[in-house]
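Heads up, upload-v8.txt below (compact mmCIF, C-alpha atoms):
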# COMPACT_ATOMS: atom_id res chain seq x y z
CA MET M 1 30.82 -63.72 -22.64
CA THR M 2 33.36 -62.09 -24.91
CA ASP M 3 36.77 -63.18 -26.05
CA HIS M 4 38.17 -60.40 -24.03
CA ASP M 5 36.74 -61.82 -20.83
CA ASN M 6 38.25 -65.11 -21.72
CA LYS M 7 41.80 -64.01 -21.88
CA ASN M 8 42.79 -65.15 -18.45
CA CYS M 9 41.33 -68.56 -18.43
CA HIS M 10 42.59 -70.50 -21.38
CA THR M 11 43.69 -73.65 -19.78
CA GLY M 12 43.50 -76.26 -22.46
CA SER M 13 42.59 -78.73 -19.76
CA SER M 14 39.52 -80.88 -19.82
CA GLY M 15 37.94 -78.80 -17.11
CA SER M 16 37.18 -81.84 -15.03
CA ASP M 17 40.06 -81.21 -12.70
CA HIS M 18 38.85 -79.11 -9.79
CA PHE M 19 42.30 -78.20 -8.75
CA SER M 20 43.60 -77.16 -12.10
CA LYS M 21 47.05 -75.72 -11.71
CA LYS M 22 46.31 -72.90 -14.05
CA SER M 23 45.25 -69.91 -12.05
CA THR M 24 42.33 -67.89 -13.31
CA MET M 25 43.91 -64.83 -11.80
CA ASP M 26 45.63 -62.27 -13.89
CA PRO M 27 49.10 -62.28 -12.46
CA ASP M 28 49.83 -58.74 -13.51
CA ASN M 29 47.27 -56.76 -11.63
CA SER M 30 44.64 -58.63 -9.71
CA SER M 31 46.68 -59.26 -6.58
CA THR M 32 47.72 -55.66 -6.32
CA GLU M 33 44.30 -54.04 -6.24
CA THR M 34 44.15 -51.61 -3.39
CA PRO M 35 41.15 -51.52 -1.08
CA ASP M 36 40.15 -48.21 -2.66
CA GLN M 37 40.26 -49.61 -6.17
CA LEU M 38 38.16 -52.58 -5.12
CA LYS M 39 35.69 -50.28 -3.45
CA GLN M 40 35.43 -48.16 -6.58
CA SER M 41 34.96 -51.24 -8.74
CA LEU M 42 32.13 -52.44 -6.56
CA VAL M 43 30.42 -49.04 -6.70
CA ASP M 44 30.90 -48.96 -10.47
CA LEU M 45 29.43 -52.41 -10.78
CA GLY M 46 26.24 -51.19 -9.15
CA ARG M 47 26.11 -48.17 -11.43
CA TYR M 48 27.06 -49.56 -14.81
CA ARG M 49 26.40 -53.27 -14.56
CA ASP M 50 29.56 -53.90 -16.49
CA LYS M 51 30.79 -57.45 -16.92
CA GLN M 52 34.40 -56.52 -17.14
CA THR M 53 34.23 -54.82 -13.78
CA PHE M 54 32.62 -57.94 -12.45
CA ALA M 55 35.38 -60.08 -13.92
CA LEU M 56 37.97 -57.92 -12.22
CA LEU M 57 36.31 -58.35 -8.84
CA TYR M 58 35.86 -62.03 -9.49
CA ASP M 59 39.51 -62.53 -10.31
CA PHE M 60 40.52 -60.87 -7.10
CA PHE M 61 37.99 -62.34 -4.70
CA ALA M 62 37.02 -65.77 -5.98
CA PRO M 63 40.35 -67.51 -5.26
CA ARG M 64 40.60 -65.87 -1.86
CA LEU M 65 37.05 -66.78 -0.98
CA LYS M 66 37.73 -70.33 -2.01
CA ARG M 67 40.79 -70.59 0.23
CA HIS M 68 38.84 -69.01 3.06
CA LEU M 69 35.92 -71.41 2.77
CA MET M 70 38.25 -74.38 2.55
CA SER M 71 40.03 -73.28 5.71
CA LYS M 72 36.63 -73.18 7.38
CA GLY M 73 36.09 -76.79 6.48
CA ALA M 74 34.29 -76.73 3.12
CA HIS M 75 35.74 -79.33 0.76
CA GLY M 76 36.97 -78.12 -2.61
CA GLU M 77 33.80 -78.66 -4.57
CA MET M 78 31.51 -77.14 -2.00
CA ALA M 79 33.86 -74.22 -1.50
CA GLU M 80 33.71 -73.54 -5.20
CA GLU M 81 29.93 -73.71 -5.29
CA LEU M 82 29.76 -71.22 -2.45
CA VAL M 83 32.23 -68.94 -4.19
CA GLN M 84 30.01 -68.92 -7.26
CA GLU M 85 26.92 -68.30 -5.17
CA THR M 86 28.66 -65.49 -3.35
CA MET M 87 29.85 -63.78 -6.50
CA LEU M 88 26.46 -64.11 -8.13
CA SER M 89 25.01 -62.53 -5.05
CA VAL M 90 27.54 -59.71 -5.39
CA TRP M 91 26.25 -59.12 -8.90
CA ARG M 92 22.65 -59.11 -7.78
CA HIS M 93 23.04 -56.92 -4.75
CA CYS M 94 25.89 -54.58 -5.54
CA LYS M 95 23.51 -51.64 -5.79
CA SER M 96 22.94 -51.84 -2.08
CA TYR M 97 26.66 -51.71 -1.32
CA ASP M 98 27.43 -48.58 0.66
CA PRO M 99 31.11 -47.62 0.34
CA ASP M 100 30.87 -45.43 3.43
CA LYS M 101 29.93 -48.35 5.60
CA SER M 102 32.39 -51.06 4.68
CA THR M 103 35.26 -51.98 2.43
CA ALA M 104 34.58 -54.17 -0.58
CA SER M 105 36.30 -57.08 1.15
CA THR M 106 34.18 -56.77 4.26
CA TRP M 107 31.00 -56.67 2.27
CA ILE M 108 31.86 -59.62 0.07
CA PHE M 109 33.29 -61.83 2.79
CA ARG M 110 30.18 -61.19 4.86
CA ILE M 111 28.01 -62.51 2.05
CA ALA M 112 30.20 -65.60 1.86
CA ARG M 113 30.01 -66.13 5.60
CA ASN M 114 26.22 -65.93 5.60
CA LEU M 115 25.93 -68.37 2.71
CA TRP M 116 28.32 -70.75 4.45
CA ILE M 117 26.31 -70.64 7.66
CA ASP M 118 23.09 -71.19 5.73
CA ARG M 119 24.66 -74.18 4.07
CA LEU M 120 25.70 -75.67 7.39
CA ARG M 121 22.19 -75.23 8.69
CA LYS M 122 20.63 -76.98 5.74
CA GLU M 123 22.85 -79.97 6.32
CA LYS M 124 21.71 -80.45 9.86
CA ALA M 125 18.10 -81.33 10.35
CA ASP M 126 16.40 -79.37 13.09
CA LEU M 127 18.22 -76.10 13.16
CA MET M 128 16.55 -72.78 13.56
CA SER M 129 17.02 -72.04 9.90
CA PRO M 130 14.84 -68.96 9.66
CA LEU M 131 16.84 -67.32 12.37
CA ASP M 132 19.11 -64.60 11.16
CA ASN M 133 22.04 -64.38 13.48
CA TYR M 134 23.94 -62.10 11.21
CA PRO M 135 21.75 -59.28 10.06
CA GLU M 136 23.25 -56.40 8.17
CA SER M 137 23.98 -53.95 10.93
CA SER M 138 21.65 -51.06 10.38
CA PHE M 139 22.60 -48.32 12.75
CA VAL M 140 26.32 -48.44 13.22
CA PRO M 141 27.97 -45.24 12.02
CA ALA M 142 30.42 -45.20 9.16
CA MET M 143 33.52 -47.21 9.80
CA THR M 144 36.71 -45.21 9.98
CA GLU M 145 39.16 -46.18 7.31
CA PHE M 146 41.57 -48.72 8.61
CA ASP M 147 45.05 -49.54 7.55
CA SER M 148 45.28 -53.19 6.68
CA ASP M 149 49.08 -53.15 6.76
CA LYS M 150 49.11 -51.88 10.31
CA ILE M 151 46.77 -54.61 11.44
CA LYS M 152 48.94 -57.19 9.75
CA SER M 153 52.09 -55.91 11.37
CA ALA M 154 50.29 -55.79 14.71
CA LEU M 155 49.31 -59.41 14.16
CA ASN M 156 52.91 -60.33 13.52
CA ASN M 157 53.89 -58.67 16.76
CA LEU M 158 51.45 -60.63 18.91
CA PRO M 159 52.89 -63.20 21.27
CA GLN M 160 52.79 -66.53 19.53
CA GLN M 161 50.02 -68.01 21.62
CA GLN M 162 47.72 -65.03 21.07
CA ALA M 163 48.38 -65.11 17.35
CA GLN M 164 47.52 -68.78 17.35
CA LEU M 165 44.22 -68.09 19.12
CA VAL M 166 43.32 -65.40 16.60
CA TYR M 167 44.22 -67.74 13.78
CA LYS M 168 41.97 -70.47 15.14
CA VAL M 169 39.02 -68.12 15.49
CA TYR M 170 39.28 -66.55 12.05
CA TYR M 171 40.79 -69.22 9.86
CA GLU M 172 39.59 -72.41 11.46
CA GLY M 173 36.22 -71.21 12.71
CA LYS M 174 36.73 -72.88 16.08
CA SER M 175 34.59 -72.06 19.11
CA HIS M 176 36.25 -71.12 22.39
CA ARG M 177 35.57 -74.56 23.80
CA GLU M 178 37.07 -76.31 20.79
CA ILE M 179 40.14 -74.12 21.01
CA SER M 180 40.50 -74.84 24.69
CA GLU M 181 40.43 -78.56 23.90
CA ASP M 182 42.81 -78.21 20.93
CA MET M 183 45.38 -76.22 22.80
CA ASP M 184 44.82 -77.83 26.16
CA MET M 185 44.17 -74.45 27.77
CA PRO M 186 41.49 -73.47 30.26
CA LEU M 187 38.51 -71.78 28.60
CA GLY M 188 39.11 -68.66 30.66
CA SER M 189 42.65 -68.35 29.28
CA VAL M 190 41.40 -68.73 25.72
CA LYS M 191 39.03 -65.84 26.28
CA SER M 192 41.53 -63.60 28.01
CA GLY M 193 44.16 -64.30 25.33
CA LEU M 194 41.71 -63.34 22.60
CA ARG M 195 40.66 -60.30 24.53
CA LEU M 196 44.25 -59.10 24.84
CA ALA M 197 44.92 -59.75 21.18
CA PHE M 198 41.78 -57.90 20.13
CA THR M 199 42.68 -54.91 22.27
CA LYS M 200 46.16 -54.70 20.79
CA LEU M 201 44.92 -55.05 17.23
CA ARG M 202 42.19 -52.51 17.80
CA ASN M 203 44.66 -49.99 19.15
CA GLN M 204 46.52 -50.27 15.89
CA MET M 205 43.35 -49.50 14.01
CA GLY M 206 42.75 -46.51 16.25
CA GLU M 207 46.06 -44.98 15.28
CA VAL M 208 45.11 -44.84 11.65
CA LYS M 209 43.20 -41.62 11.91
CA MET B 1 21.76 -48.03 28.36
CA THR B 2 23.20 -51.46 28.86
CA THR B 3 26.06 -51.81 31.31
CA HIS B 4 27.04 -55.47 30.95
CA HIS B 5 28.29 -56.57 27.56
CA PRO B 6 29.57 -59.76 25.94
CA ASP B 7 33.30 -60.31 26.33
CA LEU B 8 35.48 -58.97 23.53
CA SER B 9 36.57 -62.52 22.79
CA THR B 10 32.92 -63.43 22.21
CA LEU B 11 32.36 -60.49 19.87
CA MET B 12 35.51 -61.40 17.98
CA SER B 13 34.36 -64.97 17.46
CA TYR B 14 30.89 -63.75 16.49
CA SER B 15 32.35 -61.56 13.77
CA ALA B 16 34.33 -64.51 12.49
CA GLY B 17 31.21 -66.71 12.41
CA SER B 18 32.92 -69.08 14.85
CA LEU B 19 30.47 -69.17 17.74
CA PRO B 20 28.13 -72.09 18.39
CA ASP B 21 24.81 -71.01 16.92
CA ALA B 22 22.94 -70.62 20.21
CA ILE B 23 25.60 -68.30 21.54
CA ALA B 24 25.65 -66.35 18.28
CA THR B 25 21.90 -65.87 18.66
CA VAL B 26 22.29 -64.27 22.06
CA VAL B 27 25.02 -62.00 20.70
CA ALA B 28 22.76 -61.03 17.79
CA ALA B 29 19.96 -60.22 20.23
CA HIS B 30 22.30 -57.98 22.20
CA LEU B 31 23.67 -56.28 19.08
CA SER B 32 20.14 -55.38 18.07
CA VAL B 33 20.04 -53.06 21.09
CA CYS B 34 23.72 -52.16 21.64
CA SER B 35 25.58 -49.91 19.22
CA HIS B 36 28.67 -50.04 21.43
CA CYS B 37 29.14 -53.75 20.78
CA SER B 38 28.08 -53.43 17.14
CA ARG B 39 31.06 -51.16 16.67
CA HIS B 40 33.40 -53.70 18.26
CA VAL B 41 31.99 -56.35 15.96
CA GLN B 42 32.76 -54.13 12.99
CA GLU B 43 36.30 -53.67 14.22
CA ALA B 44 36.71 -57.38 14.70
CA GLU B 45 35.39 -57.87 11.19
CA GLN B 46 38.05 -55.52 9.84
CA ILE B 47 40.73 -57.53 11.60
CA GLY B 48 39.30 -60.67 10.07
CA ILE B 49 39.27 -59.16 6.61
CA SER B 50 42.93 -58.14 6.93
CA LEU B 51 43.68 -61.73 7.76
CA LEU B 52 41.65 -63.00 4.86
CA GLU B 53 43.46 -60.75 2.43
CA GLU B 54 46.61 -62.57 3.49
CA LEU B 55 45.21 -65.87 2.35
CA GLU B 56 46.96 -67.50 -0.47
CA PRO B 57 44.47 -67.64 -3.34
CA ALA B 58 43.09 -71.07 -4.18
CA PRO B 59 42.65 -71.42 -7.94
CA LEU B 60 39.17 -72.25 -9.09
CA SER B 61 38.49 -75.01 -11.56
CA ALA B 62 38.93 -74.19 -15.21
CA GLY B 63 35.40 -73.41 -16.26
CA ALA B 64 34.28 -71.54 -13.18
CA ARG B 65 34.96 -68.06 -14.47
CA ASP B 66 33.27 -68.66 -17.81
CA ASP B 67 30.31 -70.28 -16.10
CA ILE B 68 29.61 -67.35 -13.89
CA LEU B 69 30.10 -64.73 -16.59
CA ALA B 70 27.61 -66.64 -18.71
CA MET B 71 25.08 -66.56 -15.89
CA LEU B 72 25.17 -62.81 -15.45
CA ASP B 73 22.84 -62.03 -18.34
CA ASP B 74 20.12 -64.10 -16.79
CA THR B 75 20.61 -62.71 -13.34
CA GLU B 76 18.66 -59.62 -12.49
CA GLN B 77 20.30 -57.01 -10.38
CA VAL B 78 18.26 -56.10 -7.39
CA ALA B 79 17.39 -52.44 -7.50
CA GLU B 80 18.70 -50.27 -4.70
CA PRO B 81 18.98 -51.29 -1.08
CA ALA B 82 16.77 -54.31 -0.69
CA LYS B 83 15.76 -53.26 2.79
CA PRO B 84 14.24 -56.43 4.15
CA ALA B 85 10.68 -55.23 4.22
CA LYS B 86 10.36 -53.39 7.47
CA GLN B 87 7.39 -55.33 8.56
CA ASN B 88 5.06 -53.72 10.95
CA VAL B 89 6.66 -54.55 14.21
CA PRO B 90 4.40 -53.39 16.99
CA ASP B 91 6.02 -50.90 19.35
CA ASN B 92 5.47 -53.14 22.30
CA ALA B 93 7.02 -56.24 20.72
CA ASP B 94 9.34 -57.71 23.31
CA VAL B 95 10.85 -60.69 21.51
CA PRO B 96 14.43 -59.79 20.46
CA ALA B 97 14.63 -58.88 16.79
CA PRO B 98 16.66 -61.90 15.63
CA LEU B 99 14.11 -64.29 17.15
CA ARG B 100 10.91 -62.73 15.82
CA HIS B 101 11.00 -64.88 12.76
CA LEU B 102 10.73 -67.88 14.96
CA LEU B 103 8.71 -66.71 17.94
CA GLY B 104 6.52 -63.86 16.80
CA HIS B 105 6.41 -60.62 18.71
CA TYR B 106 5.30 -61.33 22.26
CA LEU B 107 7.01 -63.31 24.98
CA ASP B 108 3.72 -63.78 26.79
CA ASP B 109 2.29 -65.68 23.82
CA LEU B 110 4.84 -68.47 24.10
CA HIS B 111 3.99 -71.87 25.52
CA TRP B 112 6.07 -71.72 28.65
CA LYS B 113 6.71 -74.97 30.46
CA THR B 114 6.91 -74.98 34.20
CA MET B 115 10.14 -76.46 35.52
CA ALA B 116 9.83 -75.68 39.20
CA PRO B 117 7.89 -73.22 41.31
CA GLY B 118 8.63 -69.74 39.97
CA LEU B 119 10.62 -71.09 37.04
CA LYS B 120 9.38 -71.58 33.48
CA GLN B 121 11.25 -72.22 30.32
CA PHE B 122 10.86 -72.29 26.58
CA ILE B 123 13.44 -74.32 24.68
CA LEU B 124 14.55 -73.19 21.25
CA PRO B 125 15.99 -75.54 18.66
CA ALA B 126 19.73 -75.08 18.37
CA ALA B 127 22.31 -77.18 16.62
CA GLU B 128 25.42 -77.63 18.61
CA SER B 129 24.51 -75.91 21.84
CA ASN B 130 21.50 -75.14 24.03
CA LEU B 131 19.25 -72.14 23.71
CA ARG B 132 16.31 -71.37 25.93
CA LEU B 133 14.23 -68.61 27.37
CA LEU B 134 13.87 -68.70 31.12
CA LYS B 135 11.15 -66.94 33.05
CA ILE B 136 11.91 -66.35 36.69
CA ALA B 137 9.15 -65.15 39.01
CA PRO B 138 9.89 -62.16 41.26
CA GLY B 139 12.05 -63.09 44.19
CA THR B 140 12.77 -66.55 42.83
CA CYS B 141 16.25 -67.83 43.32
CA MET B 142 17.91 -70.09 40.77
CA PRO B 143 19.94 -72.95 42.21
CA SER B 144 23.58 -71.99 42.59
CA HIS B 145 25.49 -73.37 39.64
CA GLY B 146 28.73 -73.29 37.69
CA HIS B 147 29.29 -74.14 34.06
CA THR B 148 31.31 -76.69 32.20
CA GLY B 149 31.51 -74.52 29.09
CA SER B 150 30.55 -71.08 27.88
CA GLU B 151 27.28 -69.53 28.94
CA LEU B 152 25.86 -66.35 27.54
CA THR B 153 22.75 -64.84 29.11
CA MET B 154 20.83 -61.78 28.01
CA VAL B 155 18.10 -60.19 30.09
CA ILE B 156 15.06 -59.48 27.96
CA ARG B 157 12.64 -58.27 30.58
CA GLY B 158 12.98 -57.28 34.21
CA SER B 159 16.27 -57.80 35.98
CA TYR B 160 18.23 -60.15 38.17
CA SER B 161 21.09 -59.88 40.59
CA ASP B 162 23.85 -62.29 41.37
CA GLU B 163 27.39 -62.26 42.70
CA LEU B 164 28.51 -60.25 39.66
CA GLY B 165 26.03 -57.42 39.90
CA ARG B 166 22.63 -56.37 38.67
CA PHE B 167 21.59 -57.24 35.14
CA CYS B 168 18.78 -55.30 33.46
CA ALA B 169 17.04 -55.60 30.09
CA GLY B 170 19.65 -55.63 27.31
CA ASP B 171 22.51 -56.63 29.60
CA VAL B 172 24.55 -59.71 28.85
CA ALA B 173 26.42 -61.95 31.28
CA ASP B 174 29.31 -63.68 29.55
CA LEU B 175 30.40 -66.28 32.03
CA ASP B 176 33.60 -68.23 32.31
CA PRO B 177 33.40 -71.78 33.59
CA ASP B 178 35.01 -70.87 36.88
CA VAL B 179 32.14 -68.55 37.81
CA GLN B 180 29.68 -69.80 40.38
CA HIS B 181 26.52 -67.80 40.62
CA GLN B 182 23.03 -67.77 41.99
CA PRO B 183 20.76 -65.36 40.13
CA VAL B 184 17.70 -63.88 41.85
CA ALA B 185 14.94 -62.09 39.96
CA ASP B 186 14.80 -58.79 41.76
CA THR B 187 11.96 -56.75 40.33
CA HIS B 188 8.22 -57.06 40.71
CA GLU B 189 7.68 -58.13 37.11
CA GLY B 190 10.09 -61.04 37.36
CA CYS B 191 12.74 -61.71 34.80
CA ILE B 192 12.95 -63.25 31.34
CA CYS B 193 16.37 -64.26 30.04
CA LEU B 194 17.68 -65.72 26.83
CA ILE B 195 20.36 -68.23 27.74
CA ALA B 196 22.82 -70.09 25.54
CA THR B 197 25.19 -72.74 26.82
CA ASP B 198 27.55 -74.90 24.87
CA ALA B 199 27.86 -77.40 27.69
CA PRO B 200 25.48 -78.51 30.45
CA LEU B 201 25.21 -76.41 33.58
CA ARG B 202 26.88 -77.86 36.63
CA PHE B 203 24.68 -77.60 39.68
CA ASN B 204 26.06 -77.65 43.17
CA GLY B 205 24.26 -79.70 45.73
CA LEU B 206 22.60 -83.05 45.40
CA VAL B 207 19.00 -82.01 44.91
CA PRO B 208 19.61 -79.63 42.03
CA ARG B 209 21.87 -82.24 40.45
CA LEU B 210 19.12 -84.82 40.67
CA LEU B 211 16.70 -82.36 39.12
CA GLN B 212 19.01 -81.60 36.25
CA PRO B 213 17.78 -84.24 33.78
CA PHE B 214 14.26 -83.22 34.62
CA PHE B 215 15.02 -79.58 33.87
CA GLN B 216 16.72 -80.49 30.62
CA LEU B 217 19.34 -77.94 31.48
Have the structure of the file written as C-alpha cells, please.
Amino acid sequence: MTDHDNKNCHTGSSGSDHFSKKSTMDPDNSSTETPDQLKQSLVDLGRYRDKQTFALLYDFFAPRLKRHLMSKGAHGEMAEELVQETMLSVWRHCKSYDPDKSTASTWIFRIARNLWIDRLRKEKADLMSPLDNYPESSFVPAMTEFDSDKIKSALNNLPQQQAQLVYKVYYEGKSHREISEDMDMPLGSVKSGLRLAFTKLRNQMGEVK
Amino acid sequence: MTTHHPDLSTLMSYSAGSLPDAIATVVAAHLSVCSHCSRHVQEAEQIGISLLEELEPAPLSAGARDDILAMLDDTEQVAEPAKPAKQNVPDNADVPAPLRHLLGHYLDDLHWKTMAPGLKQFILPAAESNLRLLKIAPGTCMPSHGHTGSELTMVIRGSYSDELGRFCAGDVADLDPDVQHQPVADTHEGCICLIATDAPLRFNGLVPRLLQPFFQL
C-alpha cells in the first residue's frame, strides 16, 4: 500500500459508516474508462501483477458491483463483502481472462454473480451446493464486439412494459413467476414480452459488425 | 443436433442469474450440449452488462479500498487458466455435465423409485423449485397434465412425443402454463428426462389428481 494508492480515499471519517458519502472513485477518469481500456487493464493485470492497475479496475468496478448486488437484494454490508471477494478473485484469476472471449465487465460481473449465488446457497440448508449451474462456457466461439451504446438506445426504445420486464430480470433478479405476480400478467405474456425485447436488443447487437 | 430449445426468455433470465435454481440446472444441462443456446446466453449476458454499466455507482465504505490493496500481497495469483481439472469422464457417461458432481456418471446407478407401472423417479434437492429425473418405460403414457408455473424438461436418453412434437436427447421443452400435454415414451429404450418445475403440476382427471401427493409431483 503506497501513498500514491491512497490518494483517492482520504475521507477523514471514522470508517465505521458503511455509506460514507465520500466516493472512493476518482471523479476525473474512472467513470470514463472505455470497454477497451478496461479490457487492456485486465490483461495487463495478469501480465504485470501491478497494484496500480488493480486499483484502477477496483475504482471502476467496485461501486458498480456494489450497486448491482444491492439491487439483487444483498444488504449493504453483504454487498460490500461480496464486492471485496469478487475483486480479490479478479486479482487471483486474471491470468485466465481471455480478452477474445469476453469484455472485462462481462468477466467480472460473472464472477460476482457466481459468488452471489454461492452465498444464497450457503444460507439455505439443503441446496445442491456442489452443483455448478454456471460453468465457464468452454466452447462458444469468440464474442463479436458489441456496441454498448446501441444496446442502451435500443433499451430506451422498447415499449415501456417490455423495458420493465427486462429491468426486473436483470436488476431485480426476479423469476418469470414472480414477475407475473408483481405485474399481474399471465406467465405466458411475461415470457413473450421478454422474448420480443431480447430479439429487438439482439438485432441491435447484430448491426454492430 | 437438438431441435427444441429453451425459450429466449428463459435463456435471458438464466444469463441474469434470475431463474429458480432447478430451472437453471436444466438450462445448464442443455447448454452443455447446445452451442446455439450458449451463444444466445452470451448475447443476453452482453445486454445485461450494458445495463449494469448504467448503474449508478454505490460508494464503498471508507476503508474498503485500503483493505483490499493490503490483502493483495498475501494473495497468490493463480497461474494461467485454472482449467477445472478435466477429470476422467468416461465416454459413456450419461449424466449431464452439471449434475455429475452430485450424481456420478451413470443414470443406471441411481436409486430410482417406482411411482407407478412404467414410471420411476429420482428427486434432486432444489431450493425454491422442484427438480427430478423421470424414467419412463417404452410405450408408457404420462397422465395428461397442465402446469401452474414454469416447467422445463430436457430429454437425457431416448425420446418422447406429445402434442408439441417429438423430443430427443438434448431437446428441451419450455412449457407455458396454458399447455396441456401427455408425453409418451416412444422408443424401445424408454425415456429419461430431467424436469424442473417452479409450481406443482396440475393433473386433469380425478385419479391422477388423487395420486399427486403420492407421486410428490
Task: For Asp186 in chain B, the nearest of the candidates B:Glu163, B:Gly139, B:Val172, B:Ser144, counting all atoms listed in the file - done: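 Going through B:Glu163, B:Gly139, B:Val172, B:Ser144 one by one, the smallest distance to Asp186 in chain B is for B:Gly139.
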TODO: Tell me which protein, DNA and RNA residues are within 12 Å of Asp182 in chain M, counting all atoms listed in the file, leaving out same-chain ones fewer than 5 positions away, and put them as an MDAnalysis selection string.
DONE: chainID M and resid 164:165 168 172 174:177 187 190
- [ ] Write out as a ChimeraX atom specification each polymer residue whose atoms come within 12 Å of Arg49 in chain M, counting all atoms listed in the file; drop sequence neighbours fewer than 3 positions from it.
- [x] /M:41-46,52-55,90-95 /B:72-73,75-79
- [ ] Name the residues in contact with range 191-204 of chain M at a cut-off of 6 Å, using all atoms listed in the file, excluding same-chain residues fewer than 3 positions from it; report them as a list in words.
- [x] Ala154, Gln162, Gly188 and Glu207 of chain M; Leu8 and Ser9 of chain B
- [ ] For Leu194 in chain B, list every protein, DNA or RNA residue within 9 Å, evaluated using all atoms listed in the file, and leave out those in the same chain fewer than 5 positions away; present the list as an MDAnalysis selection string.
- [x] chainID B and resid 26 29 131:134 152:156
TODO: Might you pull out every residue within 10 Å of His105 in chain B, with all atoms listed in the file counted and same-chain residues fewer than 5 positions away left off, and present them as a count of residues only?
DONE: 12
Please return, as a compact mmCIF listing (two decimals) with C-alpha atoms, in the coordinates of the input, all polymer residues that have at least one atom within 10 Å of the point (36.4, -75.4, -4.5); use only C-alpha atoms and the file's own coordinate frame.
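As written to disk, point_28.txt reads:
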# COMPACT_ATOMS: atom_id res chain seq x y z
CA HIS M 18 38.85 -79.11 -9.79
CA PHE M 19 42.30 -78.20 -8.75
CA ALA M 62 37.02 -65.77 -5.98
CA PRO M 63 40.35 -67.51 -5.26
CA LEU M 65 37.05 -66.78 -0.98
CA LYS M 66 37.73 -70.33 -2.01
CA ARG M 67 40.79 -70.59 0.23
CA LEU M 69 35.92 -71.41 2.77
CA MET M 70 38.25 -74.38 2.55
CA ALA M 74 34.29 -76.73 3.12
CA HIS M 75 35.74 -79.33 0.76
CA GLY M 76 36.97 -78.12 -2.61
CA GLU M 77 33.80 -78.66 -4.57
CA MET M 78 31.51 -77.14 -2.00
CA ALA M 79 33.86 -74.22 -1.50
CA GLU M 80 33.71 -73.54 -5.20
CA GLU M 81 29.93 -73.71 -5.29
CA LEU M 82 29.76 -71.22 -2.45
CA VAL M 83 32.23 -68.94 -4.19
CA GLN M 84 30.01 -68.92 -7.26
CA ALA B 58 43.09 -71.07 -4.18
CA PRO B 59 42.65 -71.42 -7.94
CA LEU B 60 39.17 -72.25 -9.09
CA SER B 61 38.49 -75.01 -11.56
CA ALA B 64 34.28 -71.54 -13.18
Open item on the list: If I take CA of Met115 in chain B and CA of Ala28 in chain B, how far is one from the other in Å, to one decimal?
Closed with: 26.7 Å
TODO: Would you please work out which residue, of B:Cys193, B:Cys168, B:Leu55, B:Met142, is nearest to Phe122 in chain B when using all atoms listed in the file?
DONE: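 Among the listed residues, the smallest separation from Phe122 in chain B belongs to B:Cys193.
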Task: Atom-to-atom span, CA of Gly17 in chain B and CA of Glu181 in chain M, Å - done: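 Straight-line distance from CA of Gly17 in chain B to CA of Glu181 in chain M works out to 18.9 Å.
Proximity of B:Glu189, B:Asp66, B:Asp171, B:Asp176 to Lys135 in chain B, computed with all atoms listed in the file, is greatest for B:Glu189.
Residue nearest Ser13 in chain B within the list M:His68, M:Ser189, M:Ile179, M:Gly173: M:Gly173 [criterion: smallest interatomic distance, all atoms listed in the file].
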Task: Distance of CA of Lys120 in chain B from CA of Asp162 in chain B, expressed in Å to one decimal place - done: 18.9 Å
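Checking B:Leu11, B:Ala62, B:Val33, B:Leu119 one by one against chain M, counting all atoms listed in the file, you find the shortest gap at B:Ala62.
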Open item on the list: Ranking M:Asp118, M:Leu38, M:Ser148, M:Ala104 by minimum distance to chain B and counting all atoms listed in the file, which one comes first?
Closed with: M:Ser148
Task: Protein and nucleic acid residues near (29.2, -62.2, 14.7) (cut-off 10 Å, all atoms listed in the file) as a count of residues only - done: 26
Requested file, range 189-199 of chain M restricted to N, CA and C atoms, as an mmCIF file, in the first residue's frame:
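selection.cif was written with the following content:
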data_model
loop_
_atom_site.group_PDB
_atom_site.id
_atom_site.type_symbol
_atom_site.label_atom_id
_atom_site.label_comp_id
_atom_site.auth_asym_id
_atom_site.auth_seq_id
_atom_site.Cartn_x
_atom_site.Cartn_y
_atom_site.Cartn_z
ATOM 1 N N SER M 189 -47.460 -14.162 -21.058
ATOM 2 C CA SER M 189 -47.202 -12.804 -21.565
ATOM 3 C C SER M 189 -45.859 -12.277 -21.074
ATOM 4 N N VAL M 190 -45.478 -12.670 -19.870
ATOM 5 C CA VAL M 190 -44.160 -12.282 -19.368
ATOM 6 C C VAL M 190 -43.095 -12.838 -20.308
ATOM 7 N N LYS M 191 -43.259 -14.126 -20.643
ATOM 8 C CA LYS M 191 -42.251 -14.764 -21.488
ATOM 9 C C LYS M 191 -42.229 -14.173 -22.891
ATOM 10 N N SER M 192 -43.420 -13.939 -23.453
ATOM 11 C CA SER M 192 -43.405 -13.419 -24.828
ATOM 12 C C SER M 192 -42.886 -11.988 -24.853
ATOM 13 N N GLY M 193 -43.177 -11.203 -23.815
ATOM 14 C CA GLY M 193 -42.648 -9.833 -23.745
ATOM 15 C C GLY M 193 -41.126 -9.831 -23.694
ATOM 16 N N LEU M 194 -40.582 -10.734 -22.869
ATOM 17 C CA LEU M 194 -39.124 -10.817 -22.755
ATOM 18 C C LEU M 194 -38.499 -11.291 -24.056
ATOM 19 N N ARG M 195 -39.200 -12.212 -24.681
ATOM 20 C CA ARG M 195 -38.706 -12.755 -25.941
ATOM 21 C C ARG M 195 -38.611 -11.651 -26.998
ATOM 22 N N LEU M 196 -39.670 -10.855 -27.090
ATOM 23 C CA LEU M 196 -39.678 -9.747 -28.044
ATOM 24 C C LEU M 196 -38.564 -8.756 -27.738
ATOM 25 N N ALA M 197 -38.426 -8.429 -26.459
ATOM 26 C CA ALA M 197 -37.407 -7.466 -26.067
ATOM 27 C C ALA M 197 -36.016 -7.992 -26.421
ATOM 28 N N PHE M 198 -35.787 -9.262 -26.110
ATOM 29 C CA PHE M 198 -34.485 -9.859 -26.395
ATOM 30 C C PHE M 198 -34.192 -9.797 -27.891
ATOM 31 N N THR M 199 -35.183 -10.152 -28.688
ATOM 32 C CA THR M 199 -34.979 -10.155 -30.135
ATOM 33 C C THR M 199 -34.623 -8.764 -30.648
#
